[in-house]
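Text of the file my_file-v6.txt, holding compact mmCIF, C-alpha atoms and all ligand atoms:
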# COMPACT_ATOMS: atom_id res chain seq x y z
CA MET X 21 -13.78 11.26 6.21
CA ALA X 22 -10.69 12.51 4.42
CA HIS X 23 -11.28 9.87 1.79
CA ALA X 24 -14.78 11.07 0.97
CA MET X 25 -13.56 14.65 0.88
CA LEU X 26 -10.77 13.90 -1.57
CA VAL X 27 -12.89 11.72 -3.81
CA GLY X 28 -15.44 14.52 -3.83
CA MET X 29 -12.73 16.96 -4.83
CA ALA X 30 -11.48 14.74 -7.60
CA SER X 31 -14.72 13.82 -9.32
CA PRO X 32 -18.01 15.68 -9.65
CA THR X 33 -16.90 19.28 -10.05
CA GLY X 34 -14.20 20.43 -12.38
CA PRO X 35 -11.90 18.31 -14.48
CA ARG X 36 -10.87 15.00 -13.01
CA ARG X 37 -7.23 15.07 -12.05
CA PRO X 38 -5.03 12.46 -10.46
CA LEU X 39 -4.44 12.87 -6.74
CA ASN X 40 -1.03 14.26 -5.90
CA ARG X 41 1.35 12.48 -3.55
CA ARG X 42 0.11 14.20 -0.41
CA GLU X 43 -3.54 13.56 -1.23
CA ARG X 44 -2.80 9.89 -1.95
CA LEU X 45 -1.10 9.60 1.42
CA VAL X 46 -4.15 11.11 3.18
CA VAL X 47 -6.48 8.63 1.46
CA ILE X 48 -4.23 5.69 2.32
CA LEU X 49 -3.76 6.72 5.97
CA ASP X 50 -7.52 7.09 6.25
CA ARG X 51 -8.05 3.62 4.76
CA ASP X 52 -5.35 1.68 6.63
CA GLY X 53 -4.86 3.65 9.84
CA SER X 54 -1.98 6.03 10.42
CA ARG X 55 0.77 3.53 11.07
CA CYS X 56 3.60 2.17 9.00
CA VAL X 57 2.36 -1.24 7.77
CA TRP X 58 5.84 -2.71 8.28
CA CYS X 59 6.99 -1.50 11.70
CA GLY X 60 3.77 -0.22 13.22
CA ARG X 61 5.18 3.18 14.18
CA SER X 62 2.64 5.98 14.21
CA LEU X 63 2.80 8.28 11.19
CA GLU X 64 0.58 10.87 12.84
CA SER X 65 3.00 12.63 15.12
CA GLY X 66 5.15 14.01 12.33
CA LEU X 67 8.23 12.50 14.01
CA VAL X 68 8.27 9.61 11.54
CA HIS X 69 8.34 10.57 7.89
CA ALA X 70 5.35 9.03 6.06
CA THR X 71 5.59 7.80 2.49
CA THR X 72 3.49 5.66 0.19
CA GLU X 73 4.90 2.46 -1.12
CA HIS X 74 3.96 0.09 -3.96
CA LEU X 75 3.21 -3.44 -2.77
CA VAL X 76 3.81 -4.85 -6.24
CA PRO X 77 6.89 -2.90 -7.32
CA ARG X 78 6.65 -0.96 -10.55
CA VAL X 79 9.55 -3.00 -11.96
CA LYS X 80 7.37 -6.09 -11.43
CA GLY X 81 4.52 -4.50 -13.33
CA GLY X 82 2.68 -3.06 -10.33
CA PRO X 83 0.24 -0.32 -11.33
CA SER X 84 0.23 3.15 -9.77
CA TRP X 85 -3.18 2.66 -8.24
CA LEU X 86 -4.24 3.38 -4.67
CA GLU X 87 -4.99 -0.34 -4.35
CA ASN X 88 -1.30 -1.04 -4.90
CA GLU X 89 -0.10 1.45 -2.30
CA VAL X 90 0.27 1.29 1.46
CA ALA X 91 1.58 3.79 3.98
CA ALA X 92 5.07 3.16 5.26
CA CYS X 93 7.70 5.11 7.10
CA ARG X 94 10.64 6.27 5.04
CA ARG X 95 13.02 3.89 6.80
CA CYS X 96 10.96 0.78 6.04
CA ASN X 97 10.23 1.92 2.52
CA GLY X 98 13.95 2.33 1.89
CA GLU X 99 15.06 -0.84 3.65
CA ARG X 100 12.60 -3.15 1.93
CA GLY X 101 14.63 -2.92 -1.26
CA HIS X 102 13.72 -5.68 -3.71
CA ARG X 103 12.08 -7.94 -1.14
CA THR X 104 8.52 -9.07 -1.77
CA PRO X 105 5.83 -8.00 0.73
CA ALA X 106 5.81 -11.52 2.29
CA GLU X 107 9.61 -11.62 2.61
CA TRP X 108 9.81 -8.12 4.06
CA LEU X 109 6.92 -8.74 6.46
CA GLN X 110 8.73 -11.78 7.85
CA GLU X 111 11.94 -9.79 8.16
CA CYS X 112 10.11 -7.01 10.02
CA ALA X 113 8.57 -9.53 12.42
CA ALA X 114 12.01 -11.12 12.96
CA ARG X 115 13.30 -7.67 13.94
CA GLY X 116 10.63 -7.51 16.63
CA TRP X 117 8.53 -4.89 14.82
CA GLN X 118 4.74 -5.02 14.52
CA PRO X 119 3.94 -5.43 10.82
CA ASP X 120 0.26 -5.15 9.90
CA ARG X 121 -0.22 -8.35 7.94
CA ALA X 122 -3.98 -7.81 7.74
CA ALA X 123 -3.55 -4.40 6.07
CA VAL X 124 -1.12 -5.84 3.52
CA VAL X 125 -3.49 -8.73 2.75
CA ARG X 126 -6.45 -6.33 2.45
CA ALA X 127 -4.54 -4.10 0.04
CA LEU X 128 -3.47 -7.06 -2.11
CA GLU X 129 -7.05 -8.39 -2.16
CA ALA X 130 -8.31 -4.96 -3.20
CA LEU X 131 -5.63 -4.84 -5.89
CA GLN X 132 -6.65 -8.27 -7.14
CA ALA X 133 -10.30 -7.13 -7.30
CA ALA X 134 -9.32 -3.91 -9.10
CA ILE X 135 -7.29 -5.86 -11.65
CA ALA X 136 -10.22 -8.22 -12.21
CA ALA X 137 -12.52 -5.23 -12.75
CA LYS X 138 -10.22 -3.12 -14.94
CA GLY X 139 -8.38 -5.89 -16.77
CA GLY X 140 -4.78 -5.88 -17.94
CA GLN X 141 -1.85 -5.97 -15.50
CA ARG X 142 -0.72 -9.36 -16.77
CA ARG X 143 2.65 -9.13 -14.99
CA ALA X 144 1.20 -8.04 -11.66
CA ARG X 145 -1.46 -10.78 -11.52
CA PRO X 146 0.75 -13.79 -10.69
CA TYR X 147 2.78 -11.68 -8.24
CA VAL X 148 -0.39 -10.78 -6.32
CA VAL X 149 -1.63 -14.39 -6.33
CA SER X 150 1.67 -15.78 -4.99
CA GLN X 151 2.01 -13.05 -2.37
CA LEU X 152 -1.51 -13.63 -1.07
CA ARG X 153 -0.83 -17.35 -0.87
CA ARG X 154 2.37 -16.79 1.11
CA LEU X 155 0.92 -14.11 3.40
CA ARG X 156 -2.11 -16.25 4.29
CA ARG X 157 0.25 -18.98 5.44
CA LEU X 158 2.25 -16.70 7.76
ZN ZN X 201 8.21 1.54 9.27

For this file, write the structure as structure tokens.
Ligand SMILES: [Zn+2]
Amino acid sequence: MAHAMLVGMASPTGPRRPLNRRERLVVILDRDGSRCVWCGRSLESGLVHATTEHLVPRVKGGPSWLENEVAACRRCNGERGHRTPAEWLQECAARGWQPDRAAVVRALEALQAAIAAKGGQRRARPYVVSQLRRLRRL
């Protein structure tokens, strides 16, 4: 619902503008459910600070596209550091949290499809391929 509303806002009327941070978060929460993908805590109550996080880090060539972003709580976003999604997901599970592997895989598959459609992203491509391979084995 929120997704359709925001897409509607961004495209047919008026100049197209990029979604701001808050709008991106609304779209992502609507797509993935309102939980942190890493620890599973609800991001709806307002008690846990919600952020968006790049699956393929920007330093690894990850694009700033919605397909490369998931919702995470501020703690998990900060603690992930330089770990890959597969490494961090395993670490979260080892801590007894409830990471949403399916949501991470879905986002990476959507990113892979978006890269195939739009082209470019030569650095992000192999990162996505290796992460999907590792996550499917977990
Ligand atoms: Zn979290």

Excluding Asp52 of chain X and residues on its chain fewer than 5 positions from it, collect all residues at most 8 Å away from it, counting all atoms listed in the file, and give them as a list in words.
Val90, Ala91 and Ala123 of chain X

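The closest residue to Leu152 of chain X, picked from X:Arg121, X:Arg115, X:Arg94, X:His74 and counting all atoms listed in the file, is X:Arg121.
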
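Rounded to one decimal, atom CA of Ala113 of chain X and atom CA of Trp58 of chain X lie 8.4 Å from each other.
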
Distance of atom ZN of ligand ZN 201 (chain X) from atom CA of Arg51 of chain X, expressed in Å to one decimal place:
17.0 Å

Against ligand ZN 201 (chain X), which residues of chain X fall within 8 Å? For each one I want the closest pair of atoms and the distance in Å (one decimal), counting only C-alpha atoms and all ligand atoms, rows by chain and increasing residue number, as CSV.
residue,atom,partner,partner_atom,distance
X:Arg55,CA,X:ZN201,ZN,7.9
X:Cys56,CA,X:ZN201,ZN,4.7
X:Val57,CA,X:ZN201,ZN,6.6
X:Trp58,CA,X:ZN201,ZN,5.0
X:Cys59,CA,X:ZN201,ZN,4.1
X:Gly60,CA,X:ZN201,ZN,6.2
X:Arg61,CA,X:ZN201,ZN,6.0
X:Ala92,CA,X:ZN201,ZN,5.3
X:Cys93,CA,X:ZN201,ZN,4.2
X:Arg94,CA,X:ZN201,ZN,6.8
X:Arg95,CA,X:ZN201,ZN,5.9
X:Cys96,CA,X:ZN201,ZN,4.3
X:Asn97,CA,X:ZN201,ZN,7.1

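Of the residues listed (X:Ala144, X:Val149, X:Leu39, X:Val47), X:Ala144 shows the shortest atom-to-atom separation from Val79 of chain X; distances use all atoms listed in the file.
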